[in-house]
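Q: Input: one structure, supplied below.
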Amino acid sequence: MSRFSWLFTLWSFSAPLLLLVGRQMGLSVGLQVAETVSCSRWGTPSNEGLFHDGDVVIGGLFNLHYQTPAIDHNFTQLPHYKSCNGLQHVPLQYIYAMVFAVEEINNSTTLLPGVKLGYHIFDSCGRPPWALQAALSLVGGDSTSCKSTDLPGYSTGYREGITERKGDHPVPLIIGGASSVTGQILSRLLGPLSISYLSTCPCLSDRGKFPNFFRTIPSDVYQARAIAQLAIHYNWTWIGAVVANNDYGHMAVKVFQEETQGKGVCLAFVKTLQRENIVSDARSAALTIQASTATVILIFSWYTDVRELFLQLDKINVTDRQFLASEAWSTSGNLLQSLVTSRVASGVLGVAIRSSPIPGFENYLRTLHPVHRPDNELLKEYWEAEFGCSPGVTRSSHALNISAASHQEASLPPCRGTESLEGVQNLFTDTSQLRVTYNVYLAVYAAAHALHSLLSCPNKDNSSTCSSPKNIKPIEFLQHLNKVNFRTPQDEMFYFQGADIPAKYDLVNWQANPDGSQKLVLIGRVDGFDLQLNESAIQWSTGSNQVPVSVCSESCPPGTRKANRKGEPICCFDCIPCADGEISNKTGSLHCDRCLSEFWSNAKRTACVPRQVDFLSFNETLGITLTTAAVSGATVTTAVFVVFICYRHTPMVRANNSELSFLLLVSLKLCFLCSLVFIGRPSVWACRFQQAAFGISFVLCVSCLQVKTIVVLAAFRSARPGAEALIRWFGPNQQRGSVCLLTSIQIIICAIWLSLSPPVPQPDLGFQGSKVTLKCAMASVVGFSLVLGYIGLLASTCLLLAFLARKLPDNFNEAKLITFSMLIFCAVWIAFVPAYVSSPGKYVVAVEIFAILASSYGLLLCIFAPKCFIILLRPEKNTKKHLMAR
């Protein structure tokens with residue numbers, strides 16, 4: 001075994017282990033093959049490639065062919081070329097984008113003048129081992145110490161325009177690979193500079209682990225963020241997710257949740273798709289989508305997995321979901337042209353790799369012809385597949401031995417020579433939306449600008465300090481690549497931010513064609529965190545411009561607040577009406593705000609409105625009732641007064657000082673009328689007058705009763721021997737004087753109170769309600785207490801004296817009547833105190849009026865009703881003899 005073959009065998013077995021250890025432990029493994037291996041260029045497992053020599057040669061790795069499903073996926077097995085066939089049109093376009101860019105640069109007089117770029121392009125067939133083998137060949141250069149035939153079963157690659165490559169040097173940079181796995185292999189295990197056009201793993205942004213890696217496609221983190229911004233923008237708070245069961249899918253879910261955290265967006269479910277169990281996983285995901293209330297579904301997976309998912313959804317007739325697509329399948333032509341997809345996934349909204357035109361590229365593709373490029377086996381293979389004829393260009397003998405397509409060449413008729421790509425419409429010639437193709441184009445230009453900066457020597461006299469095309473140091477090339485800054489053909493600035501470029505995406509929408517298929521429509525762009533949408537151009541899954549709704553719970557309307565359901569995500573909640581005095585004036589409020597004390601919530605709980613001023617008015621039922629009672633009491637008192645005037649000469653009226661009886665009736669009438677002062681809107685003078693009128697009227701009333709009681713006691717005591725002088729102390733003048741004295745004390749108390757700290761009208765904000773009560777606030781509780789206390793003192797004294805005189809021997813003893821009346825009076829005012837303190841709002845005033853009326857009616861009825869009964873209905877008892885009888 002040669003030294004070269006032994007190294008490759010060892011590498012084949014150790015590479016997977018090194019890659020696994022490097023990924024798990026974060027180790028950067030850089031193998032400088034050119035420095036350690038004398039046998040440098042390996043045969044590529046693919047049977048085709050493109051080679052063009054130049055002063056500086058850059059490498060290229062593309063997945064040109066696809067592998068048959070029956071091949072063994074064991075990494076350690078050496079691949080066989082026959083397992084890789086089926087030319088793919090899109091990667092072929094990528095290759096010619098690289099060739100086109102190189103030719104443009106070579107024809108430029110400003111970029112790399114005097115330096116010709118070359119390219120060595122290999123087909124990795126979508127397999128990391130083959131990509132590794134091709135990359136080793138690129139970085140190893142050429143050596144005469146070993147041949148490619150040292151590898152049994154492998155052949156050399158094709159080249160364009162030359163028969164032998166002489167004096168090859170290791171390529172300083174590789175355009176590739178076509179996947180994140182390949183990108184990690186190139187950066188970790190080989191160490192050359194690489195610019196990938198399709199590696200999107202966020203891990204590759206780590207400059208500590210991948211210092212020699214660059215890419216012209218954004219990291220997957222940014223497309224996950226863009227989809228999260230769409231969900232927030234359209235208020236989709238309940239989203240289902242179906243993702244690939246690998247780092248790609250799990251990363252998308254993680255970034256999506258981080259971006260929407262605190263924005264009210266929840267994932268209803270997360271289902272994974274495993275490539276090995278795609279049918280069962282897709283069926284399970286389809287059933288979950290059918291059962292979920294989420295109408296918007298995020299899918300982060302490969303288009304082949306998505307195709308199976310759509311098949312399963314079609315079987316169970318789920319056709320009303322709005323899908324959000326990642327760039328891995330948002331522009332898939334296979335899905336767009338599928339009738340199953342059009343039934344299940346209309347109106348898809350997706351993130352796509354940014355598209356951009358390449359001036360002159362379409363004309364370049366359509367002028368390609370095998371006659372002009374006789375050694376280009378890739379073009380020959382494409383020509384045979386497209387036109388079904390042999391272009392008539394003789395192939396090299398080894399190609400006839402290894403190409404699967406070449407076995408059928410003898411049966412293909414020769415081409416007429418009139419075949420052309422001018423009218424051909426397929427994925428290779430379609431340049432309407434250049435996405436990855438444009439990334440390849442940018443990668444070549446980035447490399448060229450870095451080389452231009454590196455090879456430009458400001459001090460040409462000292463050539464030892466200048467780099468030459470044959471002596472490019474990787475570390476210097478890396479420094480210049482980090483500083484690349486140039487304008488693209490679209491007049492955009494291109495530069496690297498670490499390994500990445502500024503994130504830019506297209507937002508695409510799947511819209512129906514008349515034939516039932518779907519077309520891709522550009523409806524917006526993403527530039528970093530800036531979301532630009534043409535919302536009027538979007539066609540949703542509903543078939544209209546109406547944005548789908550996907551929520552677990554409808555947003556709480558104004559006037560309500562959210563109340564999370566126990567054990568459920570925050571997006572699932574109930575809407576609870578705000579309490580009285582609280583409002584929420586926006587949709588989806590988390591809490592209700594309490595109104596200021598002067599305001600109250602309206603009926604819908606959406607705004608604070610000024611509280612209505614409330615007071616006991618004459619117009620309301622309670623006010624009318626109390627007014628009627630007061631006026632009735634005053635009327636009855638007047639009627640009694642008239643009766644007493646008419647019968648003033650009768651014994652019943654004249655008994656026990658008729659003058660005091662008339663004064664008592666006047667005071668009772670004042671008591672009834674003073675209650676009317678409490679009704680109506682409080683004013684400064686009303687507040688002062690009502691308490692003074694109440695206090696003085698009742699003191700006058702109770703004073704009359706007390707003097708009457710004392711006179712009764714004195715009259716009966718005067719009948720005893722030696723008590724004649726007692727009656728002289730309670731004559732008419734003394735009685736009038738006593739009433740005036742007792743009443744004057746109350747007048748003095750009221751005067752002092754009202755002069756120092758009178759009651760004032762003030763809104764009562766303590767009671768929480770839609771109305772604020774306007775009442776007379778007691779600025780001095782002491783003054784009010786003295787007024788009530790003095791009335792209570794007189795009433796208690798009067799009750800005591802009347803109680804002592806209740807059994808005096810007279811047929812008509814007025815002391816009995818006074819006793820009952822004072823009992824009622826005291827009971828009413830004792831009950832008044834707690835009722836007054838505990839009553840809310842205007843009912844405080846009502847309680848006080850009720851106490852005034854109740855006590856007044858008690859006095860009027862208990863004292864004067866029996867007398868009027870005798871005067872009017874029993875006149876025979878209205879005699880002195882009857883009254884004096886024992």
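Chain labels run A, B, ... following the order of the structure tokens; each chain numbers its residues from 1, and ligands are numbered from 1 in the order shown.
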Give me the residues near region 555-558 of chain A as a PDB file with all heavy atoms, in the first residue's frame, where near means some atom within 10 Å (using only C-alpha atoms) and where sequence neighbours in that chain fewer than 5 positions away do not count.

A:
```pdb
ATOM      1  N   ASN A 235     -50.261  39.246  15.045  1.00  0.00           N
ATOM      2  CA  ASN A 235     -50.933  38.884  16.291  1.00  0.00           C
ATOM      3  C   ASN A 235     -51.383  37.422  16.291  1.00  0.00           C
ATOM      4  O   ASN A 235     -52.463  37.094  16.778  1.00  0.00           O
ATOM      5  CB  ASN A 235     -52.129  39.801  16.552  1.00  0.00           C
ATOM      6  CG  ASN A 235     -52.555  39.794  18.001  1.00  0.00           C
ATOM      7  OD1 ASN A 235     -51.734  39.575  18.903  1.00  0.00           O
ATOM      8  ND2 ASN A 235     -53.819  40.009  18.259  1.00  0.00           N
ATOM      9  N   THR A 237     -51.034  34.426  18.122  1.00  0.00           N
ATOM     10  CA  THR A 237     -50.543  34.072  19.457  1.00  0.00           C
ATOM     11  C   THR A 237     -50.580  32.573  19.740  1.00  0.00           C
ATOM     12  O   THR A 237     -50.136  32.141  20.794  1.00  0.00           O
ATOM     13  CB  THR A 237     -51.381  34.798  20.523  1.00  0.00           C
ATOM     14  OG1 THR A 237     -52.762  34.400  20.391  1.00  0.00           O
ATOM     15  CG2 THR A 237     -51.279  36.302  20.349  1.00  0.00           C
ATOM     16  N   ALA A 563     -57.312  36.637  32.566  1.00  0.00           N
ATOM     17  CA  ALA A 563     -57.134  35.784  33.749  1.00  0.00           C
ATOM     18  C   ALA A 563     -56.641  34.437  33.245  1.00  0.00           C
ATOM     19  O   ALA A 563     -57.369  33.718  32.562  1.00  0.00           O
ATOM     20  CB  ALA A 563     -58.447  35.632  34.509  1.00  0.00           C
ATOM     21  N   CYS A 571     -51.153  32.083  26.681  1.00  0.00           N
ATOM     22  CA  CYS A 571     -52.011  32.513  25.567  1.00  0.00           C
ATOM     23  C   CYS A 571     -53.442  32.021  25.734  1.00  0.00           C
ATOM     24  O   CYS A 571     -54.323  32.442  24.986  1.00  0.00           O
ATOM     25  CB  CYS A 571     -51.444  31.997  24.248  1.00  0.00           C
ATOM     26  SG  CYS A 571     -49.809  32.652  23.876  1.00  0.00           S
ATOM     27  N   CYS A 572     -53.651  31.126  26.661  1.00  0.00           N
ATOM     28  CA  CYS A 572     -55.003  30.621  26.919  1.00  0.00           C
ATOM     29  C   CYS A 572     -55.504  31.256  28.210  1.00  0.00           C
ATOM     30  O   CYS A 572     -54.921  31.051  29.275  1.00  0.00           O
ATOM     31  CB  CYS A 572     -54.995  29.100  27.037  1.00  0.00           C
ATOM     32  SG  CYS A 572     -54.386  28.258  25.552  1.00  0.00           S
ATOM     33  N   PHE A 573     -56.561  32.012  28.113  1.00  0.00           N
ATOM     34  CA  PHE A 573     -57.018  32.784  29.264  1.00  0.00           C
ATOM     35  C   PHE A 573     -58.510  33.041  29.147  1.00  0.00           C
ATOM     36  O   PHE A 573     -59.143  32.784  28.115  1.00  0.00           O
ATOM     37  CB  PHE A 573     -56.266  34.117  29.333  1.00  0.00           C
ATOM     38  CG  PHE A 573     -56.250  34.869  28.038  1.00  0.00           C
ATOM     39  CD1 PHE A 573     -57.328  35.661  27.634  1.00  0.00           C
ATOM     40  CD2 PHE A 573     -55.169  34.759  27.181  1.00  0.00           C
ATOM     41  CE1 PHE A 573     -57.312  36.335  26.438  1.00  0.00           C
ATOM     42  CE2 PHE A 573     -55.149  35.433  25.963  1.00  0.00           C
ATOM     43  CZ  PHE A 573     -56.230  36.222  25.593  1.00  0.00           C
ATOM     44  N   ASP A 574     -59.075  33.530  30.236  1.00  0.00           N
ATOM     45  CA  ASP A 574     -60.463  33.969  30.263  1.00  0.00           C
ATOM     46  C   ASP A 574     -60.487  35.488  30.401  1.00  0.00           C
ATOM     47  O   ASP A 574     -59.535  36.095  30.908  1.00  0.00           O
ATOM     48  CB  ASP A 574     -61.217  33.324  31.431  1.00  0.00           C
ATOM     49  CG  ASP A 574     -61.316  31.807  31.286  1.00  0.00           C
ATOM     50  OD1 ASP A 574     -61.603  31.347  30.177  1.00  0.00           O
ATOM     51  OD2 ASP A 574     -61.081  31.099  32.289  1.00  0.00           O
ATOM     52  N   CYS A 575     -61.579  36.083  29.963  1.00  0.00           N
ATOM     53  CA  CYS A 575     -61.733  37.530  30.059  1.00  0.00           C
ATOM     54  C   CYS A 575     -62.684  37.854  31.207  1.00  0.00           C
ATOM     55  O   CYS A 575     -63.854  37.461  31.166  1.00  0.00           O
ATOM     56  CB  CYS A 575     -62.254  38.108  28.747  1.00  0.00           C
ATOM     57  SG  CYS A 575     -61.111  37.886  27.360  1.00  0.00           S
ATOM     58  N   ILE A 576     -62.170  38.530  32.210  1.00  0.00           N
ATOM     59  CA  ILE A 576     -62.942  38.871  33.401  1.00  0.00           C
ATOM     60  C   ILE A 576     -63.312  40.348  33.361  1.00  0.00           C
ATOM     61  O   ILE A 576     -62.433  41.199  33.173  1.00  0.00           O
ATOM     62  CB  ILE A 576     -62.130  38.572  34.684  1.00  0.00           C
ATOM     63  CG1 ILE A 576     -61.629  37.130  34.674  1.00  0.00           C
ATOM     64  CG2 ILE A 576     -62.972  38.853  35.911  1.00  0.00           C
ATOM     65  CD1 ILE A 576     -62.713  36.095  34.640  1.00  0.00           C
ATOM     66  N   PRO A 577     -64.599  40.685  33.512  1.00  0.00           N
ATOM     67  CA  PRO A 577     -64.978  42.112  33.521  1.00  0.00           C
ATOM     68  C   PRO A 577     -64.300  42.852  34.673  1.00  0.00           C
ATOM     69  O   PRO A 577     -64.123  42.308  35.764  1.00  0.00           O
ATOM     70  CB  PRO A 577     -66.503  42.073  33.695  1.00  0.00           C
ATOM     71  CG  PRO A 577     -66.908  40.704  33.250  1.00  0.00           C
ATOM     72  CD  PRO A 577     -65.773  39.801  33.603  1.00  0.00           C
ATOM     73  N   CYS A 578     -63.936  44.072  34.416  1.00  0.00           N
ATOM     74  CA  CYS A 578     -63.329  44.896  35.464  1.00  0.00           C
ATOM     75  C   CYS A 578     -64.353  45.167  36.564  1.00  0.00           C
ATOM     76  O   CYS A 578     -65.558  45.249  36.310  1.00  0.00           O
ATOM     77  CB  CYS A 578     -62.832  46.221  34.880  1.00  0.00           C
ATOM     78  SG  CYS A 578     -61.445  46.048  33.742  1.00  0.00           S
ATOM     79  N   ILE A 583     -61.143  50.250  35.188  1.00  0.00           N
ATOM     80  CA  ILE A 583     -61.334  50.253  33.738  1.00  0.00           C
ATOM     81  C   ILE A 583     -60.148  49.596  33.048  1.00  0.00           C
ATOM     82  O   ILE A 583     -59.055  49.454  33.620  1.00  0.00           O
ATOM     83  CB  ILE A 583     -61.485  51.689  33.190  1.00  0.00           C
ATOM     84  CG1 ILE A 583     -60.180  52.482  33.409  1.00  0.00           C
ATOM     85  CG2 ILE A 583     -62.668  52.389  33.794  1.00  0.00           C
ATOM     86  CD1 ILE A 583     -60.062  53.718  32.547  1.00  0.00           C
ATOM     87  N   SER A 584     -60.360  49.171  31.811  1.00  0.00           N
ATOM     88  CA  SER A 584     -59.285  48.823  30.884  1.00  0.00           C
ATOM     89  C   SER A 584     -59.719  49.379  29.535  1.00  0.00           C
ATOM     90  O   SER A 584     -60.778  49.024  29.028  1.00  0.00           O
ATOM     91  CB  SER A 584     -59.071  47.311  30.814  1.00  0.00           C
ATOM     92  OG  SER A 584     -60.211  46.663  30.301  1.00  0.00           O
ATOM     93  N   ASN A 585     -58.904  50.262  28.989  1.00  0.00           N
ATOM     94  CA  ASN A 585     -59.305  50.971  27.773  1.00  0.00           C
ATOM     95  C   ASN A 585     -58.585  50.481  26.531  1.00  0.00           C
ATOM     96  O   ASN A 585     -58.553  51.153  25.514  1.00  0.00           O
ATOM     97  CB  ASN A 585     -59.076  52.476  27.932  1.00  0.00           C
ATOM     98  CG  ASN A 585     -57.641  52.783  28.332  1.00  0.00           C
ATOM     99  OD1 ASN A 585     -56.780  51.906  28.357  1.00  0.00           O
ATOM    100  ND2 ASN A 585     -57.398  54.042  28.662  1.00  0.00           N
ATOM    101  N   LYS A 586     -57.974  49.295  26.614  1.00  0.00           N
ATOM    102  CA  LYS A 586     -57.332  48.730  25.431  1.00  0.00           C
ATOM    103  C   LYS A 586     -57.573  47.229  25.385  1.00  0.00           C
ATOM    104  O   LYS A 586     -57.889  46.597  26.396  1.00  0.00           O
ATOM    105  CB  LYS A 586     -55.842  49.030  25.428  1.00  0.00           C
ATOM    106  CG  LYS A 586     -55.086  48.467  26.616  1.00  0.00           C
ATOM    107  CD  LYS A 586     -53.619  48.862  26.560  1.00  0.00           C
ATOM    108  CE  LYS A 586     -52.853  48.305  27.761  1.00  0.00           C
ATOM    109  NZ  LYS A 586     -51.418  48.676  27.704  1.00  0.00           N
ATOM    110  N   THR A 587     -57.390  46.687  24.214  1.00  0.00           N
ATOM    111  CA  THR A 587     -57.618  45.253  24.009  1.00  0.00           C
ATOM    112  C   THR A 587     -56.479  44.455  24.634  1.00  0.00           C
ATOM    113  O   THR A 587     -55.311  44.805  24.509  1.00  0.00           O
ATOM    114  CB  THR A 587     -57.705  44.944  22.500  1.00  0.00           C
ATOM    115  OG1 THR A 587     -58.770  45.702  21.940  1.00  0.00           O
ATOM    116  CG2 THR A 587     -57.957  43.467  22.265  1.00  0.00           C
ATOM    117  N   GLY A 588     -56.840  43.367  25.291  1.00  0.00           N
ATOM    118  CA  GLY A 588     -55.843  42.465  25.857  1.00  0.00           C
ATOM    119  C   GLY A 588     -55.172  42.974  27.110  1.00  0.00           C
ATOM    120  O   GLY A 588     -53.999  42.666  27.348  1.00  0.00           O
ATOM    121  N   SER A 589     -55.861  43.739  27.916  1.00  0.00           N
ATOM    122  CA  SER A 589     -55.267  44.268  29.154  1.00  0.00           C
ATOM    123  C   SER A 589     -55.007  43.139  30.146  1.00  0.00           C
ATOM    124  O   SER A 589     -55.829  42.240  30.313  1.00  0.00           O
ATOM    125  CB  SER A 589     -56.190  45.307  29.798  1.00  0.00           C
ATOM    126  OG  SER A 589     -56.324  46.437  28.977  1.00  0.00           O
ATOM    127  N   LEU A 590     -53.856  43.225  30.799  1.00  0.00           N
ATOM    128  CA  LEU A 590     -53.515  42.235  31.820  1.00  0.00           C
ATOM    129  C   LEU A 590     -54.162  42.569  33.160  1.00  0.00           C
ATOM    130  O   LEU A 590     -54.343  41.678  33.991  1.00  0.00           O
ATOM    131  CB  LEU A 590     -51.994  42.156  31.986  1.00  0.00           C
ATOM    132  CG  LEU A 590     -51.206  41.680  30.757  1.00  0.00           C
ATOM    133  CD1 LEU A 590     -49.712  41.731  31.030  1.00  0.00           C
ATOM    134  CD2 LEU A 590     -51.619  40.265  30.385  1.00  0.00           C
ATOM    135  N   CYS A 592     -56.821  45.694  35.336  1.00  0.00           N
ATOM    136  CA  CYS A 592     -57.695  46.871  35.268  1.00  0.00           C
ATOM    137  C   CYS A 592     -57.114  47.978  36.143  1.00  0.00           C
ATOM    138  O   CYS A 592     -56.552  47.708  37.206  1.00  0.00           O
ATOM    139  CB  CYS A 592     -59.108  46.513  35.738  1.00  0.00           C
ATOM    140  SG  CYS A 592     -59.937  45.253  34.728  1.00  0.00           S
ATOM    141  N   LYS A 604     -69.492  50.348  30.554  1.00  0.00           N
ATOM    142  CA  LYS A 604     -68.702  49.362  29.824  1.00  0.00           C
ATOM    143  C   LYS A 604     -67.332  49.132  30.442  1.00  0.00           C
ATOM    144  O   LYS A 604     -66.554  48.319  29.934  1.00  0.00           O
ATOM    145  CB  LYS A 604     -68.541  49.806  28.369  1.00  0.00           C
ATOM    146  CG  LYS A 604     -69.852  49.839  27.603  1.00  0.00           C
ATOM    147  CD  LYS A 604     -69.607  50.243  26.146  1.00  0.00           C
ATOM    148  CE  LYS A 604     -70.910  50.231  25.357  1.00  0.00           C
ATOM    149  NZ  LYS A 604     -70.680  50.615  23.939  1.00  0.00           N
ATOM    150  N   ARG A 605     -67.007  49.848  31.483  1.00  0.00           N
ATOM    151  CA  ARG A 605     -65.730  49.758  32.177  1.00  0.00           C
ATOM    152  C   ARG A 605     -64.555  50.092  31.249  1.00  0.00           C
ATOM    153  O   ARG A 605     -63.480  49.498  31.341  1.00  0.00           O
ATOM    154  CB  ARG A 605     -65.508  48.342  32.759  1.00  0.00           C
ATOM    155  CG  ARG A 605     -66.620  47.829  33.640  1.00  0.00           C
ATOM    156  CD  ARG A 605     -66.707  48.585  34.944  1.00  0.00           C
ATOM    157  NE  ARG A 605     -67.550  47.925  35.912  1.00  0.00           N
ATOM    158  CZ  ARG A 605     -68.843  48.100  36.032  1.00  0.00           C
ATOM    159  NH1 ARG A 605     -69.455  48.946  35.215  1.00  0.00           N
ATOM    160  NH2 ARG A 605     -69.546  47.468  36.954  1.00  0.00           N
ATOM    161  N   THR A 606     -64.775  51.031  30.338  1.00  0.00           N
ATOM    162  CA  THR A 606     -63.732  51.400  29.388  1.00  0.00           C
ATOM    163  C   THR A 606     -63.162  52.788  29.633  1.00  0.00           C
ATOM    164  O   THR A 606     -62.146  53.140  29.044  1.00  0.00           O
ATOM    165  CB  THR A 606     -64.278  51.344  27.947  1.00  0.00           C
ATOM    166  OG1 THR A 606     -65.414  52.210  27.849  1.00  0.00           O
ATOM    167  CG2 THR A 606     -64.678  49.926  27.574  1.00  0.00           C
ATOM    168  N   ALA A 607     -63.803  53.572  30.466  1.00  0.00           N
ATOM    169  CA  ALA A 607     -63.325  54.939  30.714  1.00  0.00           C
ATOM    170  C   ALA A 607     -63.777  55.396  32.089  1.00  0.00           C
ATOM    171  O   ALA A 607     -64.799  54.948  32.612  1.00  0.00           O
ATOM    172  CB  ALA A 607     -63.839  55.897  29.637  1.00  0.00           C
TER     173      ALA A 607
END
```

Q: Which residue, A:Ile175, A:Ala226, A:Ala446, A:Ile121, has the smallest gap to Asp53 (chain A) when you use only C-alpha atoms?

A: A:Ile121

Q: If you count only C-alpha atoms, which residues fall within 9 Å of Leu204 (chain A), apart from same-chain ones fewer than 5 positions away, as a ChimeraX atom specification?

A: /A:180,183-184,199,209-210,213-214,219,499-500

Q: Figure out the distance between CA of Val270 (chain A) and CA of Ala291 (chain A), please, to one decimal in Å.

A: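 It comes out at 13.2 Å.
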